[in-house]
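First comes the structure, then the notes that go with it.
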Amino acid sequence: MASEPEFLICLNCETPTYSFEWVEGKITEALCTACGNDDPSEFMTETELDEQRT
Ligand SMILES: [Zn+2]
């Protein structure tokens, strides 16, 4: 199981956010203060984002 990340990245604006809830390997809540996005499915960990790009 993935351990809790230090931050998540907003997929809308690619800004890191530290305002999130991480429960059992999943994002349950997240808020991007840059664009106001608060849909957990619109956030990824840095690792997940790197894997998508390669
Ligand atoms: Zn954002």
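Letters A, B, ... go to the chains of the structure tokens in the order shown; residues in each chain start at 1; ligands are counted from 1 in the same order.
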
Ligand 1: which residues are within 7 Å, counting only C-alpha atoms and all ligand atoms? Reply as a short mmCIF file (atom, residue, chain, number, x, y, z; two decimals) with C-alpha atoms, in the first residue's frame.
```
data_model
loop_
_atom_site.label_atom_id
_atom_site.label_comp_id
_atom_site.auth_asym_id
_atom_site.auth_seq_id
_atom_site.Cartn_x
_atom_site.Cartn_y
_atom_site.Cartn_z
CA CYS A 10 -3.83 19.52 -8.58
CA LEU A 11 -4.44 18.22 -12.10
CA ASN A 12 -6.19 21.45 -13.06
CA CYS A 13 -3.29 23.79 -12.47
CA GLU A 14 -0.45 21.45 -11.36
CA THR A 15 -0.02 23.29 -8.08
CA CYS A 32 -6.35 23.41 -4.24
CA THR A 33 -6.00 26.93 -2.90
CA ALA A 34 -4.71 28.15 -6.27
CA CYS A 35 -7.74 27.30 -8.45
CA GLY A 36 -10.37 26.21 -5.91
CA ASN A 37 -10.54 22.62 -7.16
#
```

Please identify all polymer residues within 6 Å of A:Thr17, counting only C-alpha atoms, omitting same-chain residues fewer than 2 positions from it, and present them as an MDAnalysis selection string.
-> chainID A and resid 7:8 19 32

One decimal, Å: what's the distance from atom CA of A:Asp38 over to atom CA of A:Glu24, could you say?
->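 Between these atoms lies a distance of 19.2 Å.
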
Interatomic distance, atom CA of A:Pro40 to atom CA of A:Glu21 (Å, one decimal) |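 Calculated distance between atom CA of A:Pro40 and atom CA of A:Glu21 is 9.3 Å.
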
One decimal place gives the atom CA of A:Pro16-atom CA of A:Asp39 separation as 14.3 Å

Just the alpha helix (DSSP H) stuff from chain A, please, per backbone DSSP, written as a list in words.
-> Glu46, Thr47, Glu48, Leu49, Asp50, Glu51, Gln52 and Arg53 of chain A

Pull N, CA and C atoms from the residues just selected and write them as an mmCIF file, in the first residue's frame.
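Below you can see selection.cif, which holds the result:
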```
data_model
loop_
_atom_site.group_PDB
_atom_site.id
_atom_site.type_symbol
_atom_site.label_atom_id
_atom_site.label_comp_id
_atom_site.auth_asym_id
_atom_site.auth_seq_id
_atom_site.Cartn_x
_atom_site.Cartn_y
_atom_site.Cartn_z
ATOM 1 N N GLU A 46 2.730 13.003 -6.494
ATOM 2 C CA GLU A 46 3.824 13.285 -7.419
ATOM 3 C C GLU A 46 4.262 11.999 -8.131
ATOM 4 N N THR A 47 4.275 10.889 -7.397
ATOM 5 C CA THR A 47 4.685 9.593 -7.957
ATOM 6 C C THR A 47 3.740 9.162 -9.073
ATOM 7 N N GLU A 48 2.440 9.274 -8.823
ATOM 8 C CA GLU A 48 1.459 8.889 -9.840
ATOM 9 C C GLU A 48 1.597 9.745 -11.089
ATOM 10 N N LEU A 49 1.840 11.028 -10.882
ATOM 11 C CA LEU A 49 1.985 11.934 -12.010
ATOM 12 C C LEU A 49 3.218 11.581 -12.834
ATOM 13 N N ASP A 50 4.316 11.266 -12.157
ATOM 14 C CA ASP A 50 5.537 10.855 -12.857
ATOM 15 C C ASP A 50 5.312 9.601 -13.679
ATOM 16 N N GLU A 51 4.563 8.645 -13.103
ATOM 17 C CA GLU A 51 4.306 7.385 -13.808
ATOM 18 C C GLU A 51 3.465 7.616 -15.053
ATOM 19 N N GLN A 52 2.538 8.567 -14.991
ATOM 20 C CA GLN A 52 1.691 8.871 -16.146
ATOM 21 C C GLN A 52 2.485 9.478 -17.282
ATOM 22 N N ARG A 53 3.517 10.222 -16.929
ATOM 23 C CA ARG A 53 4.264 10.968 -17.950
ATOM 24 C C ARG A 53 5.269 10.091 -18.681
#
```

Identify, with DSSP run on backbone atoms, the residues in chain A assigned to strand (DSSP E or B), and express the list as a list of chain:residue names.
->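 Those in chain A that DSSP calls strand (DSSP E or B) are A:Leu8, A:Ile9, A:Cys10, A:Pro16, A:Thr17, A:Phe20, A:Glu21, A:Trp22, A:Val23, A:Lys26, A:Ile27, A:Thr28, A:Glu29, A:Ala30, A:Phe43, A:Met44, A:Thr45.
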
Write a file of the selected residues as a PDB file, in the first residue's frame, keeping N, CA and C atoms.
```pdb
ATOM      1  N   LEU A   8      -0.105  16.661  -2.543  1.00  0.00           N
ATOM      2  CA  LEU A   8      -0.750  16.208  -3.779  1.00  0.00           C
ATOM      3  C   LEU A   8      -0.622  17.305  -4.814  1.00  0.00           C
ATOM      4  N   ILE A   9      -0.777  16.911  -6.081  1.00  0.00           N
ATOM      5  CA  ILE A   9      -0.713  17.888  -7.155  1.00  0.00           C
ATOM      6  C   ILE A   9      -2.086  18.006  -7.805  1.00  0.00           C
ATOM      7  N   CYS A  10      -2.548  19.229  -7.929  1.00  0.00           N
ATOM      8  CA  CYS A  10      -3.832  19.520  -8.575  1.00  0.00           C
ATOM      9  C   CYS A  10      -3.680  19.316 -10.077  1.00  0.00           C
ATOM     10  N   PRO A  16       1.052  22.130  -6.212  1.00  0.00           N
ATOM     11  CA  PRO A  16       1.038  21.222  -5.066  1.00  0.00           C
ATOM     12  C   PRO A  16       0.138  21.755  -3.957  1.00  0.00           C
ATOM     13  N   THR A  17      -0.549  20.852  -3.267  1.00  0.00           N
ATOM     14  CA  THR A  17      -1.354  21.260  -2.123  1.00  0.00           C
ATOM     15  C   THR A  17      -1.068  20.364  -0.930  1.00  0.00           C
ATOM     16  N   PHE A  20      -5.161  18.115   2.299  1.00  0.00           N
ATOM     17  CA  PHE A  20      -5.848  16.924   1.816  1.00  0.00           C
ATOM     18  C   PHE A  20      -5.990  15.898   2.924  1.00  0.00           C
ATOM     19  N   GLU A  21      -6.911  14.969   2.719  1.00  0.00           N
ATOM     20  CA  GLU A  21      -7.090  13.839   3.623  1.00  0.00           C
ATOM     21  C   GLU A  21      -6.721  12.576   2.872  1.00  0.00           C
ATOM     22  N   TRP A  22      -5.910  11.747   3.496  1.00  0.00           N
ATOM     23  CA  TRP A  22      -5.424  10.514   2.862  1.00  0.00           C
ATOM     24  C   TRP A  22      -5.825   9.360   3.763  1.00  0.00           C
ATOM     25  N   VAL A  23      -6.694   8.484   3.279  1.00  0.00           N
ATOM     26  CA  VAL A  23      -7.173   7.369   4.092  1.00  0.00           C
ATOM     27  C   VAL A  23      -6.949   6.056   3.354  1.00  0.00           C
ATOM     28  N   LYS A  26      -5.867   6.176  -0.276  1.00  0.00           N
ATOM     29  CA  LYS A  26      -6.681   6.932  -1.228  1.00  0.00           C
ATOM     30  C   LYS A  26      -6.887   8.365  -0.764  1.00  0.00           C
ATOM     31  N   ILE A  27      -7.074   9.237  -1.744  1.00  0.00           N
ATOM     32  CA  ILE A  27      -7.400  10.624  -1.438  1.00  0.00           C
ATOM     33  C   ILE A  27      -8.899  10.702  -1.160  1.00  0.00           C
ATOM     34  N   THR A  28      -9.262  11.131   0.032  1.00  0.00           N
ATOM     35  CA  THR A  28     -10.687  11.258   0.339  1.00  0.00           C
ATOM     36  C   THR A  28     -11.159  12.709   0.222  1.00  0.00           C
ATOM     37  N   GLU A  29     -10.261  13.639   0.503  1.00  0.00           N
ATOM     38  CA  GLU A  29     -10.587  15.057   0.375  1.00  0.00           C
ATOM     39  C   GLU A  29      -9.339  15.797  -0.034  1.00  0.00           C
ATOM     40  N   ALA A  30      -9.508  16.816  -0.870  1.00  0.00           N
ATOM     41  CA  ALA A  30      -8.368  17.648  -1.243  1.00  0.00           C
ATOM     42  C   ALA A  30      -8.874  19.022  -1.658  1.00  0.00           C
ATOM     43  N   PHE A  43      -6.861  15.149  -8.247  1.00  0.00           N
ATOM     44  CA  PHE A  43      -5.549  15.298  -7.624  1.00  0.00           C
ATOM     45  C   PHE A  43      -4.768  14.003  -7.769  1.00  0.00           C
ATOM     46  N   MET A  44      -3.450  14.111  -7.799  1.00  0.00           N
ATOM     47  CA  MET A  44      -2.583  12.945  -7.847  1.00  0.00           C
ATOM     48  C   MET A  44      -1.369  13.186  -6.974  1.00  0.00           C
ATOM     49  N   THR A  45      -0.750  12.074  -6.552  1.00  0.00           N
ATOM     50  CA  THR A  45       0.540  12.213  -5.879  1.00  0.00           C
ATOM     51  C   THR A  45       1.603  12.485  -6.941  1.00  0.00           C
TER      52      THR A  45
END
```
